[in-house]
file query_9.txt (compact mmCIF, C-alpha atoms)
# COMPACT_ATOMS: atom_id res chain seq x y z
CA MET A 1 13.48 81.33 23.61
CA PRO A 2 13.80 82.87 20.12
CA PHE A 3 10.58 82.75 18.15
CA HIS A 4 12.05 80.65 15.31
CA THR A 5 13.23 78.02 17.84
CA PHE A 6 9.79 77.98 19.46
CA ALA A 7 8.14 77.67 16.05
CA ARG A 8 10.48 74.86 14.99
CA ARG A 9 9.81 72.94 18.22
CA THR A 10 6.06 73.47 17.86
CA VAL A 11 6.06 72.20 14.28
CA LEU A 12 8.25 69.24 15.25
CA GLY A 13 5.92 68.46 18.12
CA LEU A 14 2.89 68.59 15.83
CA ILE A 15 4.56 66.28 13.30
CA CYS A 16 5.39 63.80 16.07
CA ALA A 17 1.85 63.98 17.38
CA VAL A 18 0.30 63.46 13.95
CA ALA A 19 2.76 60.64 13.16
CA ALA A 20 1.79 58.92 16.42
CA MET A 21 -1.96 59.13 15.76
CA PRO A 22 -2.36 56.17 13.36
CA ALA A 23 -0.38 53.92 15.67
CA ALA A 24 -2.49 54.99 18.61
CA ALA A 25 -5.68 54.51 16.62
CA GLN A 26 -4.61 51.02 15.55
CA ASP A 27 -3.99 50.07 19.16
CA ARG A 28 -7.54 50.92 20.19
CA PRO A 29 -10.00 48.06 20.26
CA VAL A 30 -12.80 48.27 17.70
CA VAL A 31 -16.42 47.27 18.20
CA ALA A 32 -18.43 46.96 14.99
CA VAL A 33 -22.19 47.26 15.46
CA ALA A 34 -25.33 46.68 13.41
CA ASN A 35 -27.48 49.56 14.65
CA TYR A 36 -27.43 52.78 16.63
CA PRO A 37 -28.61 51.40 19.99
CA LEU A 38 -25.67 48.97 19.98
CA ALA A 39 -23.37 51.80 18.89
CA TYR A 40 -24.56 53.87 21.86
CA PHE A 41 -24.12 50.96 24.26
CA ALA A 42 -20.61 50.29 22.91
CA GLU A 43 -19.67 53.97 23.21
CA ARG A 44 -20.89 54.06 26.80
CA LEU A 45 -19.14 50.80 27.71
CA GLY A 46 -15.90 51.80 25.99
CA ASN A 47 -15.93 55.23 27.60
CA GLY A 48 -13.59 56.75 25.03
CA ALA A 49 -11.10 53.88 24.98
CA VAL A 50 -12.80 51.97 22.18
CA ASP A 51 -13.52 52.84 18.54
CA VAL A 52 -17.09 52.05 17.54
CA PHE A 53 -17.57 51.17 13.87
CA PHE A 54 -21.12 51.84 12.70
CA ALA A 55 -20.92 52.26 8.94
CA VAL A 56 -24.57 52.75 8.02
CA PRO A 57 -25.14 56.24 6.51
CA ALA A 58 -27.54 58.47 8.45
CA ASP A 59 -30.18 58.39 5.68
CA VAL A 60 -30.21 54.59 5.33
CA ASP A 61 -32.36 52.19 7.35
CA PRO A 62 -29.81 49.86 9.00
CA SER A 63 -32.18 46.93 8.49
CA PHE A 64 -31.81 47.31 4.73
CA TRP A 65 -28.18 48.42 4.60
CA ARG A 66 -26.04 46.73 2.01
CA PRO A 67 -22.37 46.99 3.00
CA GLY A 68 -19.54 47.45 0.56
CA ILE A 69 -16.51 45.20 0.45
CA SER A 70 -14.45 47.65 2.48
CA ASP A 71 -17.19 47.80 5.14
CA ILE A 72 -17.14 44.02 5.55
CA ALA A 73 -13.33 44.01 5.60
CA ALA A 74 -13.42 46.54 8.45
CA ILE A 75 -16.10 44.58 10.29
CA GLN A 76 -14.13 41.33 9.93
CA ALA A 77 -11.14 43.05 11.54
CA ALA A 78 -13.08 44.35 14.56
CA ASP A 79 -12.42 42.96 18.04
CA VAL A 80 -16.15 42.55 18.66
CA ILE A 81 -18.91 42.36 16.04
CA ALA A 82 -22.21 43.10 17.78
CA LEU A 83 -25.34 42.06 15.91
CA ASN A 84 -28.87 42.85 16.97
CA GLY A 85 -30.23 39.48 15.88
CA ALA A 86 -34.02 38.96 15.64
CA GLY A 87 -33.68 39.24 11.87
CA PHE A 88 -32.77 42.91 12.18
CA ALA A 89 -30.43 42.91 9.16
CA THR A 90 -29.55 40.41 6.46
CA TRP A 91 -25.99 41.55 5.71
CA PRO A 92 -24.42 39.36 8.44
CA THR A 93 -25.54 36.34 6.37
CA LYS A 94 -23.82 37.68 3.23
CA ALA A 95 -20.22 37.48 4.34
CA SER A 96 -17.93 35.38 6.50
CA LEU A 97 -17.77 36.79 10.01
CA PRO A 98 -15.37 35.41 12.64
CA ARG A 99 -17.57 33.39 14.96
CA SER A 100 -15.34 33.89 18.02
CA ARG A 101 -15.70 37.68 17.79
CA THR A 102 -19.32 37.89 16.65
CA VAL A 103 -22.13 38.16 19.18
CA ASP A 104 -25.89 38.06 18.61
CA THR A 105 -27.13 40.30 21.41
CA SER A 106 -30.70 38.99 21.33
CA ALA A 107 -29.91 35.25 21.17
CA GLY A 108 -30.35 34.95 24.92
CA PHE A 109 -34.02 35.89 24.75
CA ALA A 110 -34.97 34.09 21.55
CA ASP A 111 -38.09 32.79 23.30
CA ARG A 112 -39.32 36.38 23.74
CA LEU A 113 -38.98 37.44 20.10
CA ILE A 114 -42.25 38.53 18.51
CA LYS A 115 -43.40 36.97 15.24
CA THR A 116 -44.92 39.47 12.85
CA GLU A 117 -47.83 39.06 10.49
CA THR A 118 -47.22 37.01 7.40
CA VAL A 119 -46.58 39.03 4.26
CA THR A 120 -47.92 37.46 1.10
CA HIS A 121 -46.66 38.53 -2.30
CA SER A 122 -45.88 37.23 -5.74
CA HIS A 123 -43.01 37.48 -8.17
CA GLY A 124 -41.47 35.31 -10.88
CA GLU A 125 -42.98 31.98 -11.77
CA GLY A 126 -43.40 30.78 -8.21
CA GLY A 127 -46.90 32.22 -7.74
CA GLU A 128 -48.14 33.79 -4.55
CA HIS A 129 -46.13 32.91 -1.49
CA SER A 130 -45.55 34.10 2.05
CA HIS A 131 -42.78 35.37 4.27
CA THR A 132 -42.96 35.11 8.01
CA ALA A 133 -40.76 37.50 9.92
CA THR A 134 -39.67 38.53 13.37
CA ALA A 135 -40.12 41.98 14.90
CA SER A 136 -36.60 43.26 15.27
CA TYR A 137 -36.67 46.54 17.22
CA THR A 138 -35.98 44.66 20.43
CA TRP A 139 -34.38 47.58 22.29
CA LEU A 140 -37.74 49.38 22.53
CA ASP A 141 -38.43 47.01 25.40
CA PHE A 142 -35.84 48.61 27.64
CA GLY A 143 -35.62 45.43 29.69
CA LEU A 144 -34.49 43.60 26.55
CA ALA A 145 -32.17 46.52 25.78
CA MET A 146 -30.56 45.88 29.17
CA ALA A 147 -30.04 42.23 28.24
CA GLN A 148 -28.46 43.28 24.94
CA ALA A 149 -26.18 45.76 26.68
CA GLN A 150 -25.09 43.09 29.16
CA VAL A 151 -24.28 40.63 26.34
CA LEU A 152 -22.26 43.33 24.61
CA ALA A 153 -20.43 44.18 27.84
CA ASP A 154 -19.58 40.50 28.33
CA ALA A 155 -18.27 40.20 24.77
CA MET A 156 -16.19 43.36 25.11
CA THR A 157 -14.76 42.11 28.40
CA ARG A 158 -13.78 38.78 26.79
CA GLN A 159 -12.05 40.46 23.86
CA MET A 160 -10.60 43.40 25.78
CA PRO A 161 -9.52 42.03 29.16
CA ALA A 162 -7.30 45.05 29.80
CA GLN A 163 -10.43 47.22 29.95
CA ALA A 164 -12.49 44.78 32.03
CA ASP A 165 -12.76 46.96 35.14
CA GLU A 166 -13.72 50.05 33.15
CA ILE A 167 -16.28 48.13 31.09
CA ALA A 168 -17.81 46.71 34.29
CA ALA A 169 -18.11 50.17 35.82
CA GLN A 170 -19.61 51.63 32.66
CA ALA A 171 -21.99 48.68 32.32
CA GLU A 172 -23.37 49.35 35.77
CA ALA A 173 -24.12 52.97 34.87
CA LEU A 174 -25.57 52.06 31.46
CA LEU A 175 -27.81 49.33 32.88
CA SER A 176 -28.99 51.72 35.56
CA ASP A 177 -29.99 54.29 32.92
CA LEU A 178 -31.81 51.65 30.87
CA ALA A 179 -33.56 50.34 33.99
CA ALA A 180 -34.78 53.89 34.67
CA LEU A 181 -36.21 54.10 31.14
CA ASP A 182 -37.83 50.69 31.64
CA ALA A 183 -39.41 51.75 34.94
CA ARG A 184 -40.66 55.04 33.49
CA ALA A 185 -42.16 53.34 30.43
CA ALA A 186 -43.87 50.81 32.68
CA VAL A 187 -45.47 53.60 34.70
CA ILE A 188 -46.62 55.36 31.51
CA GLY A 189 -48.03 52.16 30.08
CA GLY A 190 -49.70 51.26 33.34
CA ALA A 191 -51.42 54.64 33.54
CA ALA A 192 -52.64 54.31 29.94
CA ALA A 193 -54.55 51.16 30.94
CA GLY A 194 -54.42 49.46 27.54
CA LYS A 195 -55.46 52.50 25.49
CA ALA A 196 -55.26 51.88 21.76
CA VAL A 197 -52.47 53.50 19.78
CA ILE A 198 -51.63 53.50 16.06
CA ALA A 199 -48.08 53.85 14.74
CA ALA A 200 -46.94 55.02 11.32
CA HIS A 201 -44.86 51.89 10.88
CA PRO A 202 -44.73 48.51 12.62
CA ARG A 203 -41.70 49.28 14.77
CA TYR A 204 -43.13 49.30 18.27
CA GLN A 205 -44.10 45.67 18.90
CA TYR A 206 -41.67 45.22 21.80
CA PHE A 207 -42.59 48.59 23.32
CA GLY A 208 -46.28 47.74 23.22
CA ALA A 209 -45.77 44.23 24.59
CA ALA A 210 -43.51 45.37 27.42
CA TYR A 211 -45.57 48.32 28.56
CA ASP A 212 -49.09 47.06 27.94
CA LEU A 213 -50.03 49.36 25.09
CA ALA A 214 -52.21 48.06 22.25
CA ILE A 215 -50.21 49.43 19.32
CA SER A 216 -51.55 48.77 15.83
CA ALA A 217 -49.62 50.04 12.82
CA VAL A 218 -50.03 51.27 9.30
CA GLU A 219 -47.04 51.11 6.96
CA TRP A 220 -46.33 54.65 5.90
CA ASP A 221 -43.09 55.63 4.25
CA ALA A 222 -41.17 57.79 6.70
CA GLN A 223 -39.84 59.94 3.86
CA ALA A 224 -43.11 60.54 1.99
CA GLY A 225 -46.46 61.83 3.16
CA PRO A 226 -49.38 59.39 3.15
CA ASP A 227 -51.64 59.31 0.09
CA GLU A 228 -55.45 59.39 0.14
CA ALA A 229 -55.77 55.61 0.24
CA GLN A 230 -53.47 55.49 3.26
CA TRP A 231 -55.48 58.18 5.06
CA ALA A 232 -58.64 56.23 4.33
CA ALA A 233 -57.08 53.04 5.70
CA LEU A 234 -56.03 54.94 8.83
CA GLU A 235 -59.56 56.23 9.36
CA ALA A 236 -60.84 52.67 9.13
CA MET A 237 -58.23 51.52 11.64
CA ILE A 238 -59.17 54.34 14.02
CA ALA A 239 -62.81 53.31 13.80
CA ASP A 240 -61.87 49.69 14.35
CA THR A 241 -59.50 50.18 17.29
CA GLY A 242 -60.84 53.33 18.92
CA ALA A 243 -57.31 54.71 18.97
CA GLY A 244 -56.83 58.35 19.93
CA LEU A 245 -53.04 58.52 19.70
CA PHE A 246 -50.79 58.27 16.65
CA ILE A 247 -47.02 57.70 16.75
CA TRP A 248 -44.81 59.06 13.97
CA GLU A 249 -41.36 57.52 13.71
CA ALA A 250 -39.96 60.76 12.22
CA GLU A 251 -41.11 64.36 12.13
CA PRO A 252 -43.96 64.56 9.57
CA SER A 253 -44.94 67.54 7.44
CA ALA A 254 -47.07 70.25 9.01
CA ALA A 255 -49.87 69.31 6.60
CA SER A 256 -49.85 65.72 7.84
CA ARG A 257 -49.99 66.84 11.46
CA ASP A 258 -52.88 69.19 10.67
CA ARG A 259 -54.79 66.39 8.99
CA MET A 260 -54.11 64.05 11.90
CA ALA A 261 -55.53 66.70 14.26
CA ARG A 262 -58.62 67.02 12.06
CA LEU A 263 -59.15 63.29 12.54
CA GLY A 264 -59.25 63.99 16.26
CA MET A 265 -55.96 62.23 16.89
CA ILE A 266 -53.26 63.36 19.29
CA ASP A 267 -49.89 62.64 17.71
CA VAL A 268 -46.32 62.31 18.95
CA VAL A 269 -42.96 61.76 17.30
CA PHE A 270 -41.17 58.75 18.79
CA PRO A 271 -38.04 57.90 16.76
CA PRO A 272 -37.17 54.24 17.32
CA LEU A 273 -33.50 55.15 16.77
CA ALA A 274 -32.37 52.23 14.63
CA ASN A 275 -30.02 54.80 13.12
CA SER A 276 -28.21 57.70 14.77
CA PRO A 277 -30.31 60.71 15.77
CA ALA A 278 -29.40 64.07 14.26
CA ASP A 279 -29.23 65.52 17.77
CA GLY A 280 -28.72 64.08 21.20
CA ASP A 281 -28.21 60.44 22.06
CA PHE A 282 -30.18 57.29 22.83
CA LEU A 283 -30.90 58.16 26.44
CA GLY A 284 -31.86 61.77 25.78
CA GLN A 285 -34.01 60.94 22.76
CA MET A 286 -35.81 58.07 24.47
CA THR A 287 -36.46 60.23 27.51
CA ALA A 288 -37.89 62.96 25.27
CA SER A 289 -40.11 60.42 23.49
CA LEU A 290 -41.41 59.09 26.81
CA ASP A 291 -42.11 62.68 27.93
CA GLN A 292 -44.19 63.26 24.79
CA LEU A 293 -45.95 59.95 25.08
CA GLU A 294 -46.85 60.49 28.72
CA ALA A 295 -48.23 63.98 28.02
CA ALA A 296 -50.23 62.72 25.04
CA LEU A 297 -51.69 59.73 26.86
CA GLN A 298 -52.80 62.00 29.70
CA GLN A 299 -54.83 64.05 27.19
CA LEU A 300 -56.78 61.02 26.02
CA PRO A 301 -60.24 60.56 27.46
CA MET B 1 -9.88 24.25 5.21
CA ARG B 2 -12.49 22.37 3.17
CA ARG B 3 -14.31 21.39 6.38
CA LEU B 4 -14.24 25.02 7.57
CA LEU B 5 -15.70 26.19 4.27
CA ALA B 6 -18.39 23.55 4.45
CA ILE B 7 -19.33 24.70 7.96
CA LEU B 8 -19.44 28.31 6.78
CA ALA B 9 -21.71 27.29 3.91
CA VAL B 10 -24.08 25.52 6.27
CA VAL B 11 -24.14 28.54 8.58
CA ALA B 12 -24.80 30.87 5.67
CA PHE B 13 -27.64 28.78 4.35
CA ALA B 14 -29.12 28.22 7.80
CA SER B 15 -29.09 31.89 8.77
CA ALA B 16 -31.82 33.04 6.45
CA ALA B 17 -35.03 33.76 8.32
CA GLN B 18 -37.41 34.10 5.39
CA ALA B 19 -39.33 31.13 4.06
CA HIS B 20 -38.00 30.95 0.50
CA GLN B 21 -35.14 33.37 0.35
CA LEU B 22 -32.28 32.82 -2.06
CA ASN B 23 -28.98 32.27 -0.29
CA VAL B 24 -25.62 32.73 -1.93
CA PHE B 25 -22.31 31.52 -0.60
CA ALA B 26 -18.95 31.95 -2.31
CA PHE B 27 -15.43 30.94 -1.46
CA VAL B 28 -12.01 30.58 -3.03
CA GLU B 29 -10.32 27.20 -3.19
CA ASP B 30 -7.10 26.38 -5.00
CA GLY B 31 -7.31 29.42 -7.25
CA THR B 32 -10.95 28.86 -8.17
CA VAL B 33 -13.91 30.96 -7.03
CA ILE B 34 -16.86 28.72 -6.23
CA VAL B 35 -20.36 30.17 -5.94
CA GLU B 36 -23.16 28.07 -4.48
CA THR B 37 -26.82 29.04 -4.42
CA LYS B 38 -29.83 27.51 -2.79
CA PHE B 39 -33.28 28.60 -1.67
CA SER B 40 -33.93 28.35 2.02
CA THR B 41 -36.53 25.69 1.19
CA GLY B 42 -33.61 23.52 0.03
CA LYS B 43 -34.48 23.82 -3.66
CA ILE B 44 -31.76 24.63 -6.17
CA PRO B 45 -32.39 27.52 -8.61
CA VAL B 46 -33.01 26.14 -12.08
CA SER B 47 -31.61 29.19 -13.85
CA GLY B 48 -29.95 32.46 -13.07
CA GLU B 49 -27.14 34.87 -13.68
CA VAL B 50 -24.05 35.59 -11.62
CA GLN B 51 -22.36 38.97 -11.78
CA VAL B 52 -18.96 39.54 -10.24
CA LEU B 53 -18.13 43.11 -9.26
CA ASN B 54 -14.81 44.51 -8.14
CA ALA B 55 -14.17 46.94 -5.29
CA SER B 56 -15.13 49.84 -7.58
CA SER B 57 -18.53 48.19 -8.20
CA GLU B 58 -17.57 47.48 -11.84
CA VAL B 59 -18.89 44.25 -13.33
CA ILE B 60 -15.85 42.17 -14.19
CA LEU B 61 -17.60 38.93 -15.07
CA THR B 62 -21.09 37.69 -15.91
CA LEU B 63 -21.85 33.96 -15.95
CA PRO B 64 -24.94 31.75 -16.08
CA LEU B 65 -25.74 29.52 -13.12
CA ALA B 66 -25.08 25.84 -13.79
CA ALA B 67 -27.91 23.35 -13.44
CA ASP B 68 -26.72 22.44 -9.94
CA GLY B 69 -26.99 26.05 -8.78
CA THR B 70 -23.25 26.67 -8.75
CA VAL B 71 -20.69 28.60 -10.74
CA ARG B 72 -16.93 28.13 -10.80
CA PHE B 73 -14.43 30.47 -12.37
CA PRO B 74 -10.67 30.97 -12.07
CA LEU B 75 -9.59 33.63 -9.59
CA ASP B 76 -8.19 36.69 -11.35
CA VAL B 77 -5.89 37.88 -8.60
CA GLU B 78 -5.38 41.31 -10.12
CA ALA B 79 -9.11 41.99 -10.62
CA ALA B 80 -9.85 40.70 -7.11
CA THR B 81 -7.24 42.81 -5.33
CA GLY B 82 -9.86 44.87 -3.48
CA GLY B 83 -12.27 41.97 -2.98
CA MET B 84 -15.31 40.82 -4.95
CA MET B 85 -19.07 41.21 -4.69
CA ILE B 86 -20.89 38.18 -6.08
CA GLU B 87 -24.47 38.98 -7.11
CA VAL B 88 -26.90 36.28 -8.19
CA THR B 89 -30.32 36.78 -9.77
CA THR B 90 -32.40 33.69 -10.44
CA GLY B 91 -34.97 33.14 -13.14
CA GLU B 92 -37.63 33.11 -10.43
CA GLY B 93 -36.86 36.74 -9.65
CA HIS B 94 -34.95 36.28 -6.40
CA SER B 95 -31.58 37.85 -5.81
CA ASP B 96 -28.86 37.73 -3.22
CA TYR B 97 -25.18 38.49 -2.84
CA TRP B 98 -22.02 37.39 -1.09
CA ILE B 99 -19.01 39.52 -0.27
CA LEU B 100 -15.47 38.19 -0.55
CA THR B 101 -13.01 40.51 1.12
CA PRO B 102 -9.30 40.56 0.22
CA GLU B 103 -8.69 38.54 3.41
CA ASP B 104 -11.26 35.90 2.40
CA ILE B 105 -9.58 35.63 -0.99
CA ALA B 106 -6.09 35.45 0.49
CA ASN B 107 -7.18 32.75 2.94
CA GLY B 108 -8.73 30.68 0.15
CA SER B 109 -6.03 31.11 -2.46
CA GLY B 110 -3.25 30.19 -0.10
CA SER B 111 -1.43 33.48 -0.65

call {"tool": "encode", "arguments": {"input": "query_9.txt", "output": "structure tokens"}}
result
Amino acid sequence: MPFHTFARRTVLGLICAVAAMPAAAQDRPVVAVANYPLAYFAERLGNGAVDVFFAVPADVDPSFWRPGISDIAAIQAADVIALNGAGFATWPTKASLPRSRTVDTSAGFADRLIKTETVTHSHGEGGEHSHTATASYTWLDFGLAMAQAQVLADAMTRQMPAQADEIAAQAEALLSDLAALDARAAVIGGAAAGKAVIAAHPRYQYFGAAYDLAISAVEWDAQAGPDEAQWAALEAMIADTGAGLFIWEAEPSAASRDRMARLGMIDVVFPPLANSPADGDFLGQMTASLDQLEAALQQLP
Amino acid sequence: MRRLLAILAVVAFASAAQAHQLNVFAFVEDGTVIVETKFSTGKIPVSGEVQVLNASSEVILTLPLAADGTVRFPLDVEAATGGMMIEVTTGEGHSDYWILTPEDIANGSGS
């Protein structure tokens, strides 16, 4: 074949392939999700045949994400809209979402949701008043994560019947992986025998409740190092709880880790993964966090 | 359609978890944009300001809240082509928003 004929056919083929891409993309079912764990579950369940729409930028806490108009338009058009529920995010109450395609993945275990401490504050003319809230990082109880994954699988099966067999097969594998995490965490928690732990932020309520760890929390900004008042408050909490282990939700500065060591604390980084990790995936990151936690708890007296 | 919008309003107001959060709901009916506000306690804001932003986040309209916690204004189809973000700030210092997508607007305006 002459080179120019080969080149012409190659270019023509590329044009046809590129022209076919949007049509193919439009034909793929879309699952819009509210956080990274649901994105991971949807990716696993879809196994490459589903587009997962998770619009929250990597540097934004999905609980506080404010979508743009185009984000909501894309979410409204999705085949399945998977919400975490448990008060995880407020944006689903700020737009009309199609009820038949929207699923609250924690609604089935509403009786197991954990109420958080009341926050009292004041603004405007209304004087001091209180908010009660619900702990929302449900997936850190891997048993609840399994329930959420199953609800998502059921919703995807309803909306994408052509993929039902594949979703069922993938669900079995995903649930098996989550069950393994659940079993491992239970062993780690059981061996720790109720040892006190302090976390940098109140994210781990479901983890502590599921795996019998007494996890208290300070409220440190993940982006900024703690100030002197916050260190002092931590020292008081250590004295009060007898905790010997501290959980960071993101990698702290070397100076913060040094200071934590000087307080006699063993510390670990355990990202709760509300947003996408920079490296790896949900399963790999959670496994790594459990590895760290197990090693740290074994060092405690 | 009116019944559907009423149901959506109830759902929107009922969804708020916090004790006294401001809730905003907006919809288009017969060429008019209707904004309704209410605290989750059931109280109506006594004062406030409504800003309407276009898809480029430009403020295209600023209006005071009426005494009944609502605002109505005629739909500017051209300005609303890419949808509208309705932001409400009350005199008590609470704020909230509602997003109207182009599809929401088309459904409500009968286009």

call {"tool": "residues_around", "arguments": {"input": "query_9.txt", "residues": "region 24-33 of chain B", "least_positions_apart": "5", "cutoff": "6 Å", "atoms": "only C-alpha atoms", "output": "PDB file with C-alpha atoms, in the frame of the given file"}}
result
ATOM      1  CA  ARG B  72     -16.930  28.130 -10.800  1.00  0.00           C
ATOM      2  CA  PHE B  73     -14.430  30.470 -12.370  1.00  0.00           C
ATOM      3  CA  PRO B  74     -10.670  30.970 -12.070  1.00  0.00           C
ATOM      4  CA  LEU B  75      -9.590  33.630  -9.590  1.00  0.00           C
ATOM      5  CA  TYR B  97     -25.180  38.490  -2.840  1.00  0.00           C
ATOM      6  CA  TRP B  98     -22.020  37.390  -1.090  1.00  0.00           C
ATOM      7  CA  ILE B 105      -9.580  35.630  -0.990  1.00  0.00           C
ATOM      8  CA  GLY B 108      -8.730  30.680   0.150  1.00  0.00           C
ATOM      9  CA  SER B 109      -6.030  31.110  -2.460  1.00  0.00           C
TER      10      SER B 109
END

call {"tool": "atom_distance", "arguments": {"input": "query_9.txt", "atom1": "CA of His20 (chain B)", "atom2": "CA of Thr132 (chain A)"}}
result
9.9 Å

call {"tool": "closest_residue", "arguments": {"input": "query_9.txt", "among": "A:Lys94, A:Arg259, A:His201, A:Lys195", "to": "Leu100 (chain B)", "atoms": "only C-alpha atoms"}}
result
A:Lys94

call {"tool": "atom_distance", "arguments": {"input": "query_9.txt", "atom1": "CA of Thr81 (chain B)", "atom2": "CA of Leu63 (chain B)"}}
result
20.1 Å

call {"tool": "residues_around", "arguments": {"input": "query_9.txt", "residues": "region 46-56 of chain B", "least_positions_apart": "6", "cutoff": "6 Å", "atoms": "all atoms listed in the file", "output": "VMD selection string"}}
result
chain B and resid 62 to 65 67 82 to 91

call {"tool": "residues_around", "arguments": {"input": "query_9.txt", "residues": "Ala107 (chain A)", "least_positions_apart": "5", "cutoff": "10 Å", "atoms": "all atoms listed in the file", "output": "PyMOL selection string"}}
result
chain A and resi 83-86+112-113+147-148+151

call {"tool": "closest_residue", "arguments": {"input": "query_9.txt", "among": "B:Ser40, B:Asn23, B:Ile34, B:Asp68", "to": "chain A", "atoms": "only C-alpha atoms"}}
result
B:Asn23

call {"tool": "atom_distance", "arguments": {"input": "query_9.txt", "atom1": "CA of Ala261 (chain A)", "atom2": "CA of Pro226 (chain A)"}}
result
14.7 Å

call {"tool": "residues_around", "arguments": {"input": "query_9.txt", "residues": "Lys38 (chain B)", "least_positions_apart": "5", "cutoff": "8 Å", "atoms": "all atoms listed in the file", "output": "list in words"}}
result
Phe13, Leu22, Asn23, Val24, Lys43, Ile44, Pro45 and Gly69 of chain B

call {"tool": "closest_residue", "arguments": {"input": "query_9.txt", "among": "B:Glu92, B:Glu103, B:Glu36, B:Glu58", "to": "chain A", "atoms": "all atoms listed in the file"}}
result
B:Glu92

call {"tool": "residues_near_point", "arguments": {"input": "query_9.txt", "point": "(-45.7, 62.1, 28.1)", "cutoff": "12 Å", "atoms": "only C-alpha atoms", "output": "NGL selection string"}}
result
:A and (184-185 or 187-189 or 191-192 or 245 or 266-270 or 286-300)

call {"tool": "residues_near_point", "arguments": {"input": "query_9.txt", "point": "(-55.2, 48.8, 11.6)", "cutoff": "12 Å", "atoms": "all atoms listed in the file", "output": "tab-separated table (two decimals) with C-alpha atoms, in the frame of the given file"}}
result
chain	number	residue	atom	x	y	z
A	196	ALA	CA	-55.26	51.88	21.76
A	197	VAL	CA	-52.47	53.50	19.78
A	198	ILE	CA	-51.63	53.50	16.06
A	199	ALA	CA	-48.08	53.85	14.74
A	200	ALA	CA	-46.94	55.02	11.32
A	201	HIS	CA	-44.86	51.89	10.88
A	202	PRO	CA	-44.73	48.51	12.62
A	214	ALA	CA	-52.21	48.06	22.25
A	215	ILE	CA	-50.21	49.43	19.32
A	216	SER	CA	-51.55	48.77	15.83
A	217	ALA	CA	-49.62	50.04	12.82
A	218	VAL	CA	-50.03	51.27	9.30
A	219	GLU	CA	-47.04	51.11	6.96
A	230	GLN	CA	-53.47	55.49	3.26
A	231	TRP	CA	-55.48	58.18	5.06
A	232	ALA	CA	-58.64	56.23	4.33
A	233	ALA	CA	-57.08	53.04	5.70
A	234	LEU	CA	-56.03	54.94	8.83
A	235	GLU	CA	-59.56	56.23	9.36
A	236	ALA	CA	-60.84	52.67	9.13
A	237	MET	CA	-58.23	51.52	11.64
A	238	ILE	CA	-59.17	54.34	14.02
A	239	ALA	CA	-62.81	53.31	13.80
A	240	ASP	CA	-61.87	49.69	14.35
A	241	THR	CA	-59.50	50.18	17.29
A	242	GLY	CA	-60.84	53.33	18.92
A	243	ALA	CA	-57.31	54.71	18.97
A	246	PHE	CA	-50.79	58.27	16.65

call {"tool": "closest_residue", "arguments": {"input": "query_9.txt", "among": "A:Ile75, A:Met160, A:Leu45, A:Val30", "to": "chain B", "atoms": "only C-alpha atoms"}}
result
A:Ile75

call {"tool": "closest_residue", "arguments": {"input": "query_9.txt", "among": "A:Gln159, A:Asn35, A:Thr93, A:Gln76", "to": "chain B", "atoms": "only C-alpha atoms"}}
result
A:Thr93

call {"tool": "closest_residue", "arguments": {"input": "query_9.txt", "among": "B:Val35, B:Gln21, B:Ile99, B:His94", "to": "Trp91 (chain A)", "atoms": "all atoms listed in the file"}}
result
B:Ile99

call {"tool": "axis_aligned_box", "arguments": {"input": "query_9.txt", "around": "region 40-57 of chain A", "padding_each_side": "5 Å", "output": "AutoDock Vina command-line options"}}
result
--center_x -18.1 --center_y 53.5 --center_z 17.1 --size_x 24.0 --size_y 16.5 --size_z 31.2

call {"tool": "residues_around", "arguments": {"input": "query_9.txt", "residues": "Ala89 (chain A)", "least_positions_apart": "2", "cutoff": "12 Å", "atoms": "all atoms listed in the file", "output": "PyMOL selection string"}}
result
(chain A and resi 33-35+56+61-67+82-87+91-94+104+133-137+274) or (chain B and resi 15-18)
